[in-house]
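Engineer: Got work.txt for you, compact mmCIF, C-alpha atoms:
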# COMPACT_ATOMS: atom_id res chain seq x y z
CA MET A 1 0.00 0.00 0.00
CA GLY A 2 1.00 3.53 -0.54
CA SER A 3 1.89 5.89 2.19
CA TRP A 4 -0.30 8.66 3.52
CA GLY A 5 1.79 11.07 1.50
CA THR A 6 0.46 9.71 -1.79
CA LEU A 7 -2.94 8.47 -0.65
CA GLY A 8 -3.85 11.57 1.39
CA PRO A 9 -3.89 14.09 -1.47
CA ALA A 10 -5.87 11.68 -3.66
CA LEU A 11 -8.50 11.19 -0.94
CA LEU A 12 -8.67 14.92 -0.24
CA SER A 13 -9.12 15.60 -3.96
CA LEU A 14 -11.86 13.01 -4.12
CA ALA A 15 -13.56 14.54 -1.06
CA GLY A 16 -13.34 17.99 -2.67
CA VAL A 17 -14.96 16.70 -5.86
CA ALA A 18 -17.73 15.04 -3.82
CA LEU A 19 -18.32 18.21 -1.78
CA GLY A 20 -18.32 20.32 -4.92
CA ALA A 21 -20.80 18.03 -6.65
CA GLY A 22 -23.00 17.96 -3.57
CA GLY A 23 -22.89 21.74 -3.29
CA THR A 24 -23.81 22.08 -6.95
CA ILE A 25 -26.75 19.72 -6.56
CA VAL A 26 -28.02 21.53 -3.45
CA GLY A 27 -27.55 24.89 -5.17
CA GLN A 28 -29.47 23.77 -8.25
CA TYR A 29 -32.26 22.43 -6.05
CA LEU A 30 -32.57 25.75 -4.20
CA VAL A 31 -32.54 27.72 -7.46
CA SER A 32 -35.21 25.40 -8.88
CA ARG A 33 -37.41 25.88 -5.80
CA ALA A 34 -37.03 29.66 -5.97
CA SER A 35 -37.81 29.61 -9.68
CA ASP A 36 -40.91 27.46 -9.12
CA ARG A 37 -42.10 29.82 -6.39
CA GLN A 38 -41.55 32.83 -8.65
CA VAL A 39 -43.59 31.20 -11.44
CA GLU A 40 -46.34 30.40 -8.93
CA VAL A 41 -46.42 34.02 -7.72
CA GLN A 42 -46.56 35.31 -11.31
CA GLU A 43 -49.37 32.92 -12.23
CA SER A 44 -51.31 33.95 -9.12
CA ALA A 45 -50.89 37.63 -9.98
CA ALA A 46 -52.02 37.01 -13.56
CA HIS A 47 -55.08 35.10 -12.31
CA ARG A 48 -55.95 37.95 -9.92
CA ALA A 49 -55.61 40.54 -12.69
CA GLU A 50 -57.76 38.55 -15.12
CA LEU A 51 -60.39 37.80 -12.49
CA LYS A 52 -60.43 41.40 -11.29
CA GLY A 53 -61.18 42.54 -14.83
CA VAL A 54 -64.10 40.16 -15.35
CA VAL A 55 -65.49 40.81 -11.85
CA LEU A 56 -65.43 44.57 -12.41
CA LYS A 57 -67.11 44.14 -15.81
CA PHE A 58 -69.78 41.94 -14.23
CA LEU A 59 -70.36 44.43 -11.41
CA GLY A 60 -70.63 47.34 -13.85
CA ILE A 61 -73.30 45.56 -15.86
CA ALA A 62 -75.04 44.39 -12.68
CA SER A 63 -75.18 47.94 -11.38
CA ARG A 64 -76.66 49.28 -14.63
CA LEU A 65 -79.16 46.42 -14.77
CA GLU A 66 -80.22 46.95 -11.16
CA LYS A 67 -80.76 50.68 -11.70
CA ALA A 68 -82.73 50.08 -14.90
CA ALA A 69 -84.82 47.25 -13.44
CA LEU A 70 -85.69 49.03 -10.23
CA ALA A 71 -86.44 52.36 -11.96
CA ARG A 72 -89.76 50.99 -13.25
CA PRO A 73 -92.83 53.09 -12.73
CA ASP A 74 -95.28 51.77 -10.14
CA GLY A 75 -97.57 50.69 -12.97
CA GLY A 76 -95.19 47.81 -13.72
CA GLY A 77 -94.15 49.10 -17.14
CA THR A 78 -90.58 48.72 -18.30
CA VAL A 79 -88.09 51.53 -18.61
CA ASP A 80 -86.96 50.32 -22.04
CA GLY A 81 -87.58 46.66 -22.68
CA ALA A 82 -84.96 46.32 -25.42
CA ALA A 83 -82.27 48.04 -23.37
CA LEU A 84 -83.14 45.92 -20.34
CA ASP A 85 -82.96 42.75 -22.46
CA ARG A 86 -79.51 43.78 -23.75
CA LEU A 87 -78.32 44.37 -20.19
CA VAL A 88 -79.59 40.93 -19.15
CA ASP A 89 -77.78 39.35 -22.10
CA ASP A 90 -74.60 41.30 -21.27
CA LEU A 91 -74.90 40.22 -17.63
CA TRP A 92 -75.06 36.53 -18.56
CA LEU A 93 -72.09 36.90 -20.90
CA ALA A 94 -70.13 38.55 -18.10
CA GLN A 95 -71.21 35.74 -15.76
CA ALA A 96 -69.89 33.22 -18.30
CA GLU A 97 -66.54 35.06 -18.30
CA ILE A 98 -66.42 34.72 -14.52
CA ASP A 99 -67.29 31.05 -14.90
CA LEU A 100 -64.29 30.60 -17.19
CA ALA A 101 -61.85 32.72 -15.17
CA ALA A 102 -62.85 31.65 -11.67
CA GLY A 103 -60.52 29.38 -9.77
CA SER A 104 -63.17 28.16 -7.36
CA GLU A 105 -66.65 26.72 -7.49
CA PRO A 106 -68.00 29.05 -4.76
CA LEU A 107 -67.32 32.05 -7.00
CA ARG A 108 -69.00 30.41 -9.98
CA GLY A 109 -72.07 29.62 -7.89
CA ALA A 110 -72.24 33.05 -6.27
CA ALA A 111 -71.99 34.78 -9.66
CA PHE A 112 -74.75 32.56 -11.05
CA ARG A 113 -77.06 33.20 -8.07
CA TYR A 114 -76.46 36.97 -8.20
CA ALA A 115 -77.09 37.03 -11.97
CA SER A 116 -80.27 34.99 -11.47
CA ARG A 117 -81.54 37.41 -8.84
CA LEU A 118 -80.75 40.38 -11.10
CA THR A 119 -82.60 38.67 -13.96
CA GLU A 120 -85.59 38.26 -11.65
CA ALA A 121 -85.40 41.99 -10.94
CA ALA A 122 -85.34 42.71 -14.67
CA ARG A 123 -88.50 40.60 -15.11
CA GLY A 124 -90.19 42.54 -12.32
CA GLU A 125 -90.17 39.64 -9.84
CA VAL A 126 -87.89 41.54 -7.42
CA THR A 127 -88.84 45.13 -6.70
CA ASP A 128 -86.66 45.94 -3.69
CA SER A 129 -82.92 46.52 -3.93
CA ALA A 130 -82.50 45.02 -0.44
CA ALA A 131 -83.30 41.60 -1.93
CA LEU A 132 -80.18 41.93 -4.10
CA ARG A 133 -77.77 42.80 -1.27
CA GLY A 134 -77.37 39.26 0.08
CA PRO A 135 -76.45 37.67 -3.28
CA GLN A 136 -74.23 40.66 -4.05
CA ALA A 137 -72.36 40.37 -0.72
CA ARG A 138 -71.89 36.59 -1.17
CA PHE A 139 -70.58 37.24 -4.68
CA MET A 140 -68.09 39.84 -3.42
CA ASP A 141 -66.92 37.53 -0.63
CA ALA A 142 -66.45 34.66 -3.08
CA ALA A 143 -64.56 36.91 -5.52
CA TYR A 144 -62.25 38.09 -2.73
CA ASP A 145 -61.64 34.51 -1.57
CA ASP A 146 -60.84 33.44 -5.13
CA MET A 147 -58.39 36.31 -5.69
CA TRP A 148 -56.70 36.08 -2.28
CA PRO A 149 -57.19 32.57 -0.90
CA GLY A 150 -56.59 32.24 2.80
CA ARG A 151 -56.87 35.96 3.56
CA ARG A 152 -59.73 37.38 5.56
CA ARG A 153 -61.65 40.20 4.00
CA ALA A 154 -61.78 43.41 6.04
CA THR A 155 -65.26 44.13 7.35
CA GLY A 156 -64.88 47.90 7.35
CA ASP A 157 -65.32 48.00 11.14
CA PRO A 158 -62.18 49.58 12.68
CA ALA A 159 -62.88 47.83 16.00
CA ALA A 160 -62.93 44.42 14.29
CA SER A 161 -59.37 44.81 12.98
CA ARG A 162 -57.92 45.39 16.44
Represent the structure of the file as C-alpha cells.
Structural biologist:
Amino acid sequence: MGSWGTLGPALLSLAGVALGAGGTIVGQYLVSRASDRQVEVQESAAHRAELKGVVLKFLGIASRLEKAALARPDGGGTVDGAALDRLVDDLWLAQAEIDLAAGSEPLRGAAFRYASRLTEAARGEVTDSAALRGPQARFMDAAYDDMWPGRRRATGDPAASR
C-alpha cells in the first residue's frame, strides 16, 4: 500500500470533488425551488388581474341592470324593454366570463345566483334593492376569496381589525 503522503492528497481531492458536486446539486435544487415559487407568484398575480377585470365588468353591468330594473314606474311598465334585455344578455355573458376565469366553485355559484336574482329583478319579480344585497355580498366575498385565498376580507369596522 501507498503511504499517507500519496494516498492523502488523492483522498482529499476526491472529497473535494464530492463536496463540490453535492454543493452544486443543493444549489441547483434551491434555485429550482425559488424559480418554481416565482412562477407560482406570477401565475397567481395574472389570475388575480384577469379575475379582477371580469369581476369589475360583471359588477358594472349588474349595477346598470339593477338601476334600470328598479327604476320601473309603479304601474309595472318597463323603462326600455330592449335596453333591459340587452343588459340581461350582457350580464349573462359577463357571468360566463367569470365562470371561465374563476378558480373556485363558490365564485361560480355566487356569480350565477347573483345574476339569477338580477334577472328576476329585470323581469319585475324583485322590486326591492335590499333583496339583491345578500347575493351581491356573497358574490363579493367569493370573488375576494378566489383572488386572495386564505386571507380574511376586512369588514370595514375599525374595531374588528384590532
Engineer: So how far away is CA of Leu100 (chain A) from CA of Trp148 (chain A), in Å?
Structural biologist: 17.6 Å
Engineer: Which one of A:Ala46, A:Ala69, A:Ala137, A:Val55 sits closest to Glu125 (chain A) if you count all atoms listed in the file?
Structural biologist: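 Using all atoms listed in the file, the shortest distance to Glu125 (chain A) belongs to A:Ala69.
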Engineer: If the box runs along x, y and z of the file and leaves 5 Å on each side of region 41-44 of chain A, what are its centre and edge lengths in Å, one decimal, as JSON?
Structural biologist:
{"center_x": -48.9, "center_y": 34.1, "center_z": -10.0, "size_x": 14.9, "size_y": 12.4, "size_z": 14.5}
Engineer: Compute the distance from (-65.6, 34.3, -18.1) to each atom, counting all atoms listed in the file, keep the residues with any atom at most 10 Å away, and return them as a ChimeraX atom specification; use the coordinates of the file.
Structural biologist: /A:50-51,53-55,58,92-102,108
Engineer: Write the residues you've just listed into a file as a PDB file, in the frame of the given file, and include C-alpha atoms for each of them.
Structural biologist:
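Resulting contents of out19.pdb:
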ATOM      1  CA  GLU A  50     -57.760  38.550 -15.120  1.00  0.00           C
ATOM      2  CA  LEU A  51     -60.390  37.800 -12.490  1.00  0.00           C
ATOM      3  CA  GLY A  53     -61.180  42.540 -14.830  1.00  0.00           C
ATOM      4  CA  VAL A  54     -64.100  40.160 -15.350  1.00  0.00           C
ATOM      5  CA  VAL A  55     -65.490  40.810 -11.850  1.00  0.00           C
ATOM      6  CA  PHE A  58     -69.780  41.940 -14.230  1.00  0.00           C
ATOM      7  CA  TRP A  92     -75.060  36.530 -18.560  1.00  0.00           C
ATOM      8  CA  LEU A  93     -72.090  36.900 -20.900  1.00  0.00           C
ATOM      9  CA  ALA A  94     -70.130  38.550 -18.100  1.00  0.00           C
ATOM     10  CA  GLN A  95     -71.210  35.740 -15.760  1.00  0.00           C
ATOM     11  CA  ALA A  96     -69.890  33.220 -18.300  1.00  0.00           C
ATOM     12  CA  GLU A  97     -66.540  35.060 -18.300  1.00  0.00           C
ATOM     13  CA  ILE A  98     -66.420  34.720 -14.520  1.00  0.00           C
ATOM     14  CA  ASP A  99     -67.290  31.050 -14.900  1.00  0.00           C
ATOM     15  CA  LEU A 100     -64.290  30.600 -17.190  1.00  0.00           C
ATOM     16  CA  ALA A 101     -61.850  32.720 -15.170  1.00  0.00           C
ATOM     17  CA  ALA A 102     -62.850  31.650 -11.670  1.00  0.00           C
ATOM     18  CA  ARG A 108     -69.000  30.410  -9.980  1.00  0.00           C
TER      19      ARG A 108
END
Engineer: Rounded to one decimal in Å, what is the spacing between CA of Arg64 (chain A) and CA of Gly134 (chain A)?
Structural biologist: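 These two atoms are separated by 17.8 Å.
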Engineer: As a list of chain:residue names, please: the residues near Arg113 (chain A) (cut-off 12 Å, all atoms listed in the file, same-chain neighbours under 2 positions excluded).
Structural biologist: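 Result of the neighbour search: A:Trp92, A:Gln95, A:Pro106, A:Leu107, A:Arg108, A:Gly109, A:Ala110, A:Ala111, A:Ala115, A:Ser116, A:Arg117, A:Leu118, A:Thr119, A:Glu120, A:Leu132, A:Arg133, A:Gly134, A:Pro135, A:Gln136, A:Ala137, A:Arg138, A:Phe139, A:Ala142.
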Engineer: Figure out the distance between CA of Phe112 (chain A) and CA of Asp145 (chain A), please, to one decimal in Å.
Structural biologist: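 For CA of Asp145 (chain A) relative to CA of Phe112 (chain A), the distance reads 16.3 Å.
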Engineer: Tell me, as a PyMOL selection string, which residues lie within 12 Å of Leu65 (chain A), counting only C-alpha atoms; anything in the same chain fewer than 5 positions away does not count.
Structural biologist: chain A and resi 58-60+70-72+79-81+83-92+114-124+129+132
Engineer: What would region 29-40 of chain A look like with all heavy atoms in place, written as an mmCIF file, in the frame of the given file?
Structural biologist:
data_model
loop_
_atom_site.group_PDB
_atom_site.id
_atom_site.type_symbol
_atom_site.label_atom_id
_atom_site.label_comp_id
_atom_site.auth_asym_id
_atom_site.auth_seq_id
_atom_site.Cartn_x
_atom_site.Cartn_y
_atom_site.Cartn_z
ATOM 1 N N TYR A 29 -30.969 22.704 -6.669
ATOM 2 C CA TYR A 29 -32.260 22.430 -6.050
ATOM 3 C C TYR A 29 -32.868 23.713 -5.486
ATOM 4 O O TYR A 29 -34.051 23.994 -5.688
ATOM 5 C CB TYR A 29 -32.104 21.376 -4.946
ATOM 6 C CG TYR A 29 -33.342 21.177 -4.120
ATOM 7 C CD1 TYR A 29 -34.435 20.490 -4.631
ATOM 8 C CD2 TYR A 29 -33.417 21.687 -2.831
ATOM 9 C CE1 TYR A 29 -35.583 20.315 -3.878
ATOM 10 C CE2 TYR A 29 -34.559 21.515 -2.064
ATOM 11 C CZ TYR A 29 -35.640 20.828 -2.594
ATOM 12 O OH TYR A 29 -36.771 20.666 -1.843
ATOM 13 N N LEU A 30 -32.068 24.496 -4.781
ATOM 14 C CA LEU A 30 -32.570 25.750 -4.200
ATOM 15 C C LEU A 30 -32.974 26.741 -5.288
ATOM 16 O O LEU A 30 -33.991 27.421 -5.169
ATOM 17 C CB LEU A 30 -31.518 26.355 -3.271
ATOM 18 C CG LEU A 30 -31.221 25.550 -2.002
ATOM 19 C CD1 LEU A 30 -30.082 26.188 -1.217
ATOM 20 C CD2 LEU A 30 -32.467 25.429 -1.139
ATOM 21 N N VAL A 31 -32.194 26.832 -6.352
ATOM 22 C CA VAL A 31 -32.540 27.720 -7.460
ATOM 23 C C VAL A 31 -33.836 27.255 -8.119
ATOM 24 O O VAL A 31 -34.704 28.068 -8.454
ATOM 25 C CB VAL A 31 -31.389 27.783 -8.496
ATOM 26 C CG1 VAL A 31 -31.839 28.412 -9.799
ATOM 27 C CG2 VAL A 31 -30.210 28.542 -7.913
ATOM 28 N N SER A 32 -33.991 25.956 -8.282
ATOM 29 C CA SER A 32 -35.210 25.400 -8.880
ATOM 30 C C SER A 32 -36.424 25.715 -8.021
ATOM 31 O O SER A 32 -37.475 26.092 -8.533
ATOM 32 C CB SER A 32 -35.053 23.899 -9.052
ATOM 33 O OG SER A 32 -36.244 23.328 -9.495
ATOM 34 N N ARG A 33 -36.294 25.563 -6.711
ATOM 35 C CA ARG A 33 -37.410 25.880 -5.800
ATOM 36 C C ARG A 33 -37.765 27.343 -5.874
ATOM 37 O O ARG A 33 -38.946 27.703 -5.916
ATOM 38 C CB ARG A 33 -37.042 25.519 -4.361
ATOM 39 C CG ARG A 33 -37.306 24.081 -4.044
ATOM 40 C CD ARG A 33 -37.120 23.746 -2.594
ATOM 41 N NE ARG A 33 -37.772 24.696 -1.710
ATOM 42 C CZ ARG A 33 -37.512 24.804 -0.417
ATOM 43 N NH1 ARG A 33 -36.615 24.032 0.126
ATOM 44 N NH2 ARG A 33 -38.151 25.674 0.329
ATOM 45 N N ALA A 34 -36.775 28.221 -5.883
ATOM 46 C CA ALA A 34 -37.030 29.660 -5.970
ATOM 47 C C ALA A 34 -37.687 30.008 -7.299
ATOM 48 O O ALA A 34 -38.616 30.825 -7.353
ATOM 49 C CB ALA A 34 -35.737 30.440 -5.785
ATOM 50 N N SER A 35 -37.235 29.373 -8.354
ATOM 51 C CA SER A 35 -37.810 29.610 -9.680
ATOM 52 C C SER A 35 -39.264 29.138 -9.725
ATOM 53 O O SER A 35 -40.130 29.833 -10.267
ATOM 54 C CB SER A 35 -36.982 28.907 -10.742
ATOM 55 O OG SER A 35 -37.553 29.079 -12.011
ATOM 56 N N ASP A 36 -39.538 27.975 -9.165
ATOM 57 C CA ASP A 36 -40.910 27.460 -9.120
ATOM 58 C C ASP A 36 -41.816 28.399 -8.331
ATOM 59 O O ASP A 36 -42.954 28.667 -8.730
ATOM 60 C CB ASP A 36 -40.949 26.067 -8.504
ATOM 61 C CG ASP A 36 -40.344 25.001 -9.399
ATOM 62 O OD1 ASP A 36 -40.128 25.278 -10.607
ATOM 63 O OD2 ASP A 36 -40.082 23.890 -8.884
ATOM 64 N N ARG A 37 -41.313 28.886 -7.219
ATOM 65 C CA ARG A 37 -42.100 29.820 -6.390
ATOM 66 C C ARG A 37 -42.365 31.116 -7.145
ATOM 67 O O ARG A 37 -43.469 31.663 -7.082
ATOM 68 C CB ARG A 37 -41.355 30.094 -5.077
ATOM 69 C CG ARG A 37 -42.040 31.064 -4.176
ATOM 70 C CD ARG A 37 -43.328 30.489 -3.600
ATOM 71 N NE ARG A 37 -43.962 31.507 -2.796
ATOM 72 C CZ ARG A 37 -45.237 31.789 -2.828
ATOM 73 N NH1 ARG A 37 -46.043 31.104 -3.607
ATOM 74 N NH2 ARG A 37 -45.738 32.736 -2.088
ATOM 75 N N GLN A 38 -41.380 31.601 -7.882
ATOM 76 C CA GLN A 38 -41.550 32.830 -8.650
ATOM 77 C C GLN A 38 -42.603 32.638 -9.749
ATOM 78 O O GLN A 38 -43.442 33.505 -9.963
ATOM 79 C CB GLN A 38 -40.224 33.263 -9.265
ATOM 80 C CG GLN A 38 -40.280 34.597 -9.978
ATOM 81 C CD GLN A 38 -38.928 35.008 -10.529
ATOM 82 O OE1 GLN A 38 -38.042 34.171 -10.717
ATOM 83 N NE2 GLN A 38 -38.777 36.287 -10.776
ATOM 84 N N VAL A 39 -42.583 31.503 -10.411
ATOM 85 C CA VAL A 39 -43.590 31.200 -11.440
ATOM 86 C C VAL A 39 -44.972 31.137 -10.795
ATOM 87 O O VAL A 39 -45.952 31.657 -11.340
ATOM 88 C CB VAL A 39 -43.246 29.887 -12.175
ATOM 89 C CG1 VAL A 39 -44.414 29.388 -12.998
ATOM 90 C CG2 VAL A 39 -42.022 30.082 -13.039
ATOM 91 N N GLU A 40 -45.060 30.509 -9.642
ATOM 92 C CA GLU A 40 -46.340 30.400 -8.930
ATOM 93 C C GLU A 40 -46.874 31.781 -8.558
ATOM 94 O O GLU A 40 -48.068 32.056 -8.726
ATOM 95 C CB GLU A 40 -46.137 29.554 -7.668
ATOM 96 C CG GLU A 40 -47.391 29.300 -6.882
ATOM 97 C CD GLU A 40 -47.102 28.464 -5.646
ATOM 98 O OE1 GLU A 40 -46.507 27.384 -5.788
ATOM 99 O OE2 GLU A 40 -47.472 28.907 -4.541
#
